[in-house]
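Quick notes on the structure that follows.
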Amino acid sequence: MKRFKTLYTAAVILLAALTAALAGALILWTIGADVTRTYSVIAFEPLKNAMQIGEVMIRAIPLTIIALGISVAYRCGIINIGAEGQMSMGILAATAVALAMPDAPRYALLPMALTAGALGGAAWGFIPGVLKARLHVSELLSTVMLNYIAAQFYTFCLRGPMLDPAEITMGSGTPQSMRLTKAIWLDRLVPGTRIHAGVWIALALAFLTWLLLFRTSWGYRMRASGAGERAAKYGGIGVERYLVAAMVISGAFAGLAGAVEISGVHRRAIEGVTSGYGFSAIVVALFGGLHPAGIIPASLFFGMLLVGADMTQRMAGVPANVVTALQGVIILVIVAARMVLENPYLAERVRVRLFGSAEGSGEA
Amino acid sequence: MPQEIVNRISSLRMEGITKRFPGTLACDDISLSVGEGEILALVGENGAGKTTLMNILMGLYRPDEGRILINGSEVVFRSPNDAFAAGLGMVHQQYMLVANMTVLENIALGYKRAWSPLRVDLEMVRARIGEVADRYGLSVDPDAFVWQLSIGEQQRVELVKTLCLGARFLILDEPTSALTPQETDELIDLLKRMRSELSIIFISHKLHEVKNLSDRVVILRRGSVAFEGSTSEHSPGEIAALMTGREVVLPKNEAPCCEGCEALAIRGLKVRSDRGFLAVDGLDLSICSGEIVGLAGVSGNGQRELAEAINGLRSVEEGEILFFGRDIANLKPGEVIAEGMGYIPEERNTEGIVPPFSMKENFILKDSGDPHYASRSFLRLKEIDRNADRLREEFDIRSPDTRVAAGSLSGGNIQKVILARELSRAPRFLVAVYPTRGLDMGAAEFIHKRLLEKRAEGMGILLVSEELEEVLDLSDRIAVIFKGRIIDTLDRDSADSRKLGVLMAGVKESGDEAV
């Protein structure tokens with residue numbers, strides 16, 4: 001029985017890998033790309049040297065932080081698609097603090113900027129939370145609409161009040177703030193890479209999220225609200241309150257991710273800096289099983305895919321968009337394979353088909 | 001017209017059916033047979049393998065061993081469609097109807113003959129419904145929306161649907177578990193009439209129905225046939241004993257009426273239903289500590305709204321609910337719980353438990369902030385485990401451990417989880433709504449015993465039930481609810497099922513119609 005189980009698992013994974021590879025090859029073949037070259041770039045280049053691994057990690061940092069927040073909301077029964085907007089608001093808030101106090105010392109400014117980022121995101125998460133709790137407005141609607149508002153506001157700030165004065169004279173074309181004071185730069189941890197101290201923030205938040213969700217009565221009540229709203233109300237849990245709290249936490253995480261991103265990587269607010277992290281993080285959260293221990297590897301995996309997409313564009317001449325499509329295929333296949341593996345009845349049926357229905361459990 | 005000329009099923013046999021699921025043996029060498037025009041009752045405790053066996057018969061599962069014979073020749077069902085084609089039809093416990101479609105559309109969904117690639121011939125379906133309705137005396141309004149229908153009417157739609165597909169052999173899975181007493185009587189009459197045309201397998205926990213309706217009974221216990229015989233030769237008590245493997249005597253409340261203080265006093269209560277009308281309309285009721293008051297009535301007369309209003313889950317329009325002297329009307333659910341109210345809700349699967357949560361997590365649903373289970377907001381996991389193990393033992397909840405998802409337990413075990421949680425919190429009062437609905441006699445007996453124990457300890461209990469036997473067995477006093485009001489209250493000694501039945505229909509003894 002045990003041997004059958006291992007063989008079965010291995011077979012399913014192999015089959016899944018083959019399916020993904022074939023489907024991907026089909027996509028690449030239709031645009032006339034070099035299939036083997038593209039694959040080798042995606043699979044090996046992102047992990048080739050320390051610098052590349054660093055690139056993977058700096059993408060995994062915001063993904064992890066945002067996905068943690070999304071999983072808190074999701075477990076409380078609210079689907080936060082607004083992380084992209086919350087992240088933008090976090091960036092603006094952190095930038096505003098940094099720009100307002102260019103001479104403040106590091107020990108004061110850095111925590112203040114990060115907190116401001118979290119608060120900016122939290123405010124943007126609070127709105128859909130309250131709308132849902134009080135007026136039953138669907139969060140799918142409100143968060144998406146708030147994304148648009150945040151995106152426009154972000155552009156407005158970067159083209160207006162926060163625009164880099166140098167931009168007016170030089171005009172690089174990309175709206176961005178001026179380079180922020182060194183006091184809010186996060187340390188680079190490994191020479192030759194861009195890995196920054198945000199790693200510690202992401203890991204600490206992962207631990208805190210786990211603690212909150214699975215070890216506190218707060219988390220218990222949030223999860224109860226999400227898993228069985230009626231039962232939670234019956235049990236005397238103020239579902240509405242937890243719903244708002246979960247959205248505030250979720251928004252704060254996204255905002256903080258934005259603040260970390262600019263203070264760790266870009267050192268200034270730039271248009272397009274959120275680059276879809278808020279949406280990718282939804283997939284990361286679900287992919288990681290809405291659990292911190294799953295989210296960290298999931299965001300590393302996605303970080304790798306993102307870097308891979310960049311590399312293929314440069315090294316194999318395949319547009320990054322095609323690689324993104326490829327990633328979609330990979331994700332679908334992994335999800336499908338996982339569902340197949342989790343279905344005990346299917347395994348049983350395969351076993352019976354192959355070895356007959358006799359008391360085969362012993363020898364098979 | 002292939003579905004019209006389905007041959008009569010003059011005999012159906014299942015021989016040596018065995019079905020294993022990972023970790024359990026659901027059916028162990030089961031054989032049974034049904035002849036033409038025969039009604040076979042299939043009884044057994046929750047989890048005895050009845051539903052699995054019927055799912056095998058309907059082609060939803062393949063048996064690991066054994067075969068099915070119709071009219072003496074072997075058949076293999078690869079899917080439910082094969083079973084339909086052979087003339088078998090099943091009405092499940094959960095009705096499979098689309099609520100916001102009409103009856104006609106629902107039936108058309110399964111009636112593939114009326115389908116062409118771009119169009120469904122609804123008139124053909126309508127004609128077929130009329131045909132079936134005339135033949136079996138089953139009237140349904142094809143243009144009514146399913147959500148407008150009562151549970152009993154929905155069931156009739158399910159029956160019509162099954163018969164429209166040409167079923168000559170009916171399988172009914174606990175058809176009466178959600179019906180009112182009147183609807184149950186109607187259904188039993190209907191089935192008796194239909195036996196001239198059909199054979200029926202009837203799964204039920206209610207032994208008097210089994211006795212009343214069936215010719216033969218097959219009792220399953222832990223996946224195998226424990227008994228097979230003629231119904232007329234055995235009393236419900238004997239059947240119950242064979243089912244559980246021991247004598248089952250539902251306990252009765254025979255203690256003298258106790259003189260407790262008034263625990264719950266409801267005055268002039270008015271509560272609106274979801275649809276906006278006054279479901280509870282000027283209700284007065286008083287219950288003392290150490291007393292069980294049975295609230296009898298046909299379901300839908302305001303019981304649900306009353307129970308929810310008492311527990312803070314529905315707003316009170318007018319009137320007061322005095323709980324040990326304090327008005328708890330319109331308090332939040334958490335505040336009512338803190339006052340010492342226990343509540344066994346009607347919807348055990350969605351309201352009584354958080355289905356994906358483990359059993360142990362469900363035990364602390366109302367106490368996640370209690371210092372006993374959480375110190376400074378951090379859950380005390382060891383204490384939660386200890387509590388769960390204790391309750392599982394004490395309430396005889398059958399599961400491998402306390403980590404299993406509560407939603408995966410059987411109905412009887414879910415009810416025990418809820419009962420364990422509510423009683424272990426030592427409330428001052430308990431509202432129990434349909435506490436034994438759909439449960440087998442063993443589980444019902446267990447729950448009745450616990451309720452009587454708590455009464456003896458001095459707890460007041462409001463028992464909402466539509467089963468007169470349960471109300472008569474357990475209550476000190478019986479209040480009958482009709483259209484949101486208590487139409488009369490009887491003492492245990494002066495009540496009998498005839499009197500209650502008349503009151504439940506809204507007629508007072510003096511003969512005048514109560515409104």
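In the structure tokens, the first chain shown is A, the next is B, and so on; residue numbers restart at 1 for each chain, and ligands run from 1 in the order shown.
Interface residues of chain A facing chain B, defined by any atom at most 8 Å away and using only C-alpha atoms, are Arg215, Thr216, Ser217, Trp218, Tyr220, Arg221, Ala224, Ala227, Gly228, Arg230, Ala231, Ala232, Lys233, Tyr234, Gly235, Gly236, Ile237, Gly238, Pro344, Tyr345, Glu348 and Ser357 of chain A.
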Residues of stretch 263-315 of chain A that have any atom at most 10 Å from an atom of stretch 187-191 of chain A: could you tabulate them with the shortest-distance atom pair and the distance in Å to one decimal, using only C-alpha atoms, ordered by chain and increasing number, as a Markdown table?
| residue | atom | partner | partner_atom | distance |
| --- | --- | --- | --- | --- |
| A:Ser263 | CA | A:Asp187 | CA | 9.2 |
| A:Gly264 | CA | A:Asp187 | CA | 7.2 |
| A:Val265 | CA | A:Arg188 | CA | 9.1 |
(request) Please report, as number ranges by chain, each residue of stretch 43-183 of chain B to which DSSP assigns strand (DSSP E) when run on this structure's backbone. (result) B: 43-44, 65-70, 73-75, 88-91, 115-116, 119-120, 169-173
(message) To test your reading of the structure, identify every residue in stretch 283-404 of chain B that backbone DSSP assigns to helix (DSSP H, G or I), and report it as a PyMOL selection string.
(response) chain B and resi 303-310+333-338+348-352+359-363+381-394
(message) Just checking: using only C-alpha atoms, which residue out of B:Gly460, B:Thr402, B:Ala443, B:Gly302 ends up closest to B:Ser289?
(response) B:Gly460
(message) Which residues are close to stretch 46-57 of chain A, i.e. within 7 Å by only C-alpha atoms, leaving aside same-chain residues fewer than 3 positions away? Reply as a ChimeraX atom specification.
(response) /A:42,60-61,192-195,300,303-304,307-308
Go ahead and write the selection's residues with N, CA and C atoms as a PDB file, in the first residue's frame.
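Saved to selection02.pdb:
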ATOM      1  N   ILE A  42      14.423  29.803 -18.122  1.00  0.00           N
ATOM      2  CA  ILE A  42      13.470  29.905 -17.004  1.00  0.00           C
ATOM      3  C   ILE A  42      13.915  29.052 -15.827  1.00  0.00           C
ATOM      4  N   ALA A  60      10.372  38.165  -3.741  1.00  0.00           N
ATOM      5  CA  ALA A  60       9.601  37.341  -2.806  1.00  0.00           C
ATOM      6  C   ALA A  60       9.188  38.132  -1.562  1.00  0.00           C
ATOM      7  N   ILE A  61       9.968  39.178  -1.231  1.00  0.00           N
ATOM      8  CA  ILE A  61       9.660  39.917   0.007  1.00  0.00           C
ATOM      9  C   ILE A  61       8.277  40.584  -0.041  1.00  0.00           C
ATOM     10  N   GLY A 192      26.914  42.644  -3.389  1.00  0.00           N
ATOM     11  CA  GLY A 192      26.755  42.142  -4.745  1.00  0.00           C
ATOM     12  C   GLY A 192      25.323  41.764  -5.091  1.00  0.00           C
ATOM     13  N   THR A 193      24.454  41.849  -4.133  1.00  0.00           N
ATOM     14  CA  THR A 193      23.045  41.585  -4.418  1.00  0.00           C
ATOM     15  C   THR A 193      22.221  42.737  -3.873  1.00  0.00           C
ATOM     16  N   ARG A 194      20.928  42.711  -4.205  1.00  0.00           N
ATOM     17  CA  ARG A 194      20.069  43.761  -3.679  1.00  0.00           C
ATOM     18  C   ARG A 194      19.233  43.270  -2.489  1.00  0.00           C
ATOM     19  N   ILE A 195      19.585  42.097  -1.956  1.00  0.00           N
ATOM     20  CA  ILE A 195      18.824  41.578  -0.812  1.00  0.00           C
ATOM     21  C   ILE A 195      18.882  42.585   0.329  1.00  0.00           C
ATOM     22  N   LEU A 300       8.701  32.575  -2.936  1.00  0.00           N
ATOM     23  CA  LEU A 300      10.011  32.364  -3.561  1.00  0.00           C
ATOM     24  C   LEU A 300       9.841  31.784  -4.958  1.00  0.00           C
ATOM     25  N   GLY A 303       8.660  34.466  -7.138  1.00  0.00           N
ATOM     26  CA  GLY A 303       9.761  35.390  -7.383  1.00  0.00           C
ATOM     27  C   GLY A 303      10.648  34.852  -8.491  1.00  0.00           C
ATOM     28  N   MET A 304      10.861  33.532  -8.444  1.00  0.00           N
ATOM     29  CA  MET A 304      11.681  32.902  -9.465  1.00  0.00           C
ATOM     30  C   MET A 304      11.035  33.036 -10.835  1.00  0.00           C
ATOM     31  N   VAL A 307      11.485  36.625 -12.114  1.00  0.00           N
ATOM     32  CA  VAL A 307      12.840  36.885 -12.616  1.00  0.00           C
ATOM     33  C   VAL A 307      13.043  36.143 -13.923  1.00  0.00           C
ATOM     34  N   GLY A 308      12.537  34.904 -13.966  1.00  0.00           N
ATOM     35  CA  GLY A 308      12.660  34.109 -15.187  1.00  0.00           C
ATOM     36  C   GLY A 308      12.045  34.814 -16.381  1.00  0.00           C
TER      37      GLY A 308
END
(message) So that I can see what lies close to A:Phe253, please list as JSON, numbers by chain the residues with an atom at most 6 Å from it, counting only C-alpha atoms and leaving out residues fewer than 2 positions away in the same chain.
(response) {"A": [65, 66, 69, 250, 251, 255, 256]}
(message) I'd like the contact shell of stretch 96-106 of chain B - 7 Å cut-off, only C-alpha atoms, skipping same-chain residues fewer than 5 positions apart - returned as a ChimeraX atom specification.
(response) /B:126,142-147,157
Could you save those same residues with N, CA and C atoms as a PDB file, in the first residue's frame?
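File written: selection.pdb
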ATOM      1  N   ARG B 126     -44.302  19.776 -19.748  1.00  0.00           N
ATOM      2  CA  ARG B 126     -45.550  20.101 -19.059  1.00  0.00           C
ATOM      3  C   ARG B 126     -46.568  18.972 -19.219  1.00  0.00           C
ATOM      4  N   PRO B 142     -46.783  23.568 -12.075  1.00  0.00           N
ATOM      5  CA  PRO B 142     -45.527  23.604 -12.832  1.00  0.00           C
ATOM      6  C   PRO B 142     -44.931  25.000 -12.913  1.00  0.00           C
ATOM      7  N   ASP B 143     -45.723  26.037 -12.725  1.00  0.00           N
ATOM      8  CA  ASP B 143     -45.203  27.382 -12.912  1.00  0.00           C
ATOM      9  C   ASP B 143     -44.771  28.060 -11.618  1.00  0.00           C
ATOM     10  N   ALA B 144     -44.921  27.369 -10.493  1.00  0.00           N
ATOM     11  CA  ALA B 144     -44.472  27.948  -9.218  1.00  0.00           C
ATOM     12  C   ALA B 144     -42.952  27.896  -9.168  1.00  0.00           C
ATOM     13  N   PHE B 145     -42.360  28.889  -8.538  1.00  0.00           N
ATOM     14  CA  PHE B 145     -40.926  28.842  -8.314  1.00  0.00           C
ATOM     15  C   PHE B 145     -40.640  27.965  -7.107  1.00  0.00           C
ATOM     16  N   VAL B 146     -39.530  27.258  -7.154  1.00  0.00           N
ATOM     17  CA  VAL B 146     -39.235  26.304  -6.093  1.00  0.00           C
ATOM     18  C   VAL B 146     -39.115  27.002  -4.737  1.00  0.00           C
ATOM     19  N   TRP B 147     -38.563  28.221  -4.736  1.00  0.00           N
ATOM     20  CA  TRP B 147     -38.391  28.888  -3.438  1.00  0.00           C
ATOM     21  C   TRP B 147     -39.720  29.236  -2.788  1.00  0.00           C
ATOM     22  N   VAL B 157     -42.334  17.707  -5.700  1.00  0.00           N
ATOM     23  CA  VAL B 157     -41.691  18.007  -6.978  1.00  0.00           C
ATOM     24  C   VAL B 157     -40.598  16.985  -7.274  1.00  0.00           C
TER      25      VAL B 157
END
(request) Might you pull out every residue within 10 Å of B:Ser224, with only C-alpha atoms counted and same-chain residues fewer than 6 positions away left off, and present them as a count of residues only? (result) 14
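Residues surrounding A:Leu109 within 8 Å are Val97, Ala98, Met101, Ala104, Pro105, Arg106, Tyr107, Pro111, Met112, Ala113, Ala183 and Ile184 of chain A [only C-alpha atoms; sequence separation below 2 positions excluded].
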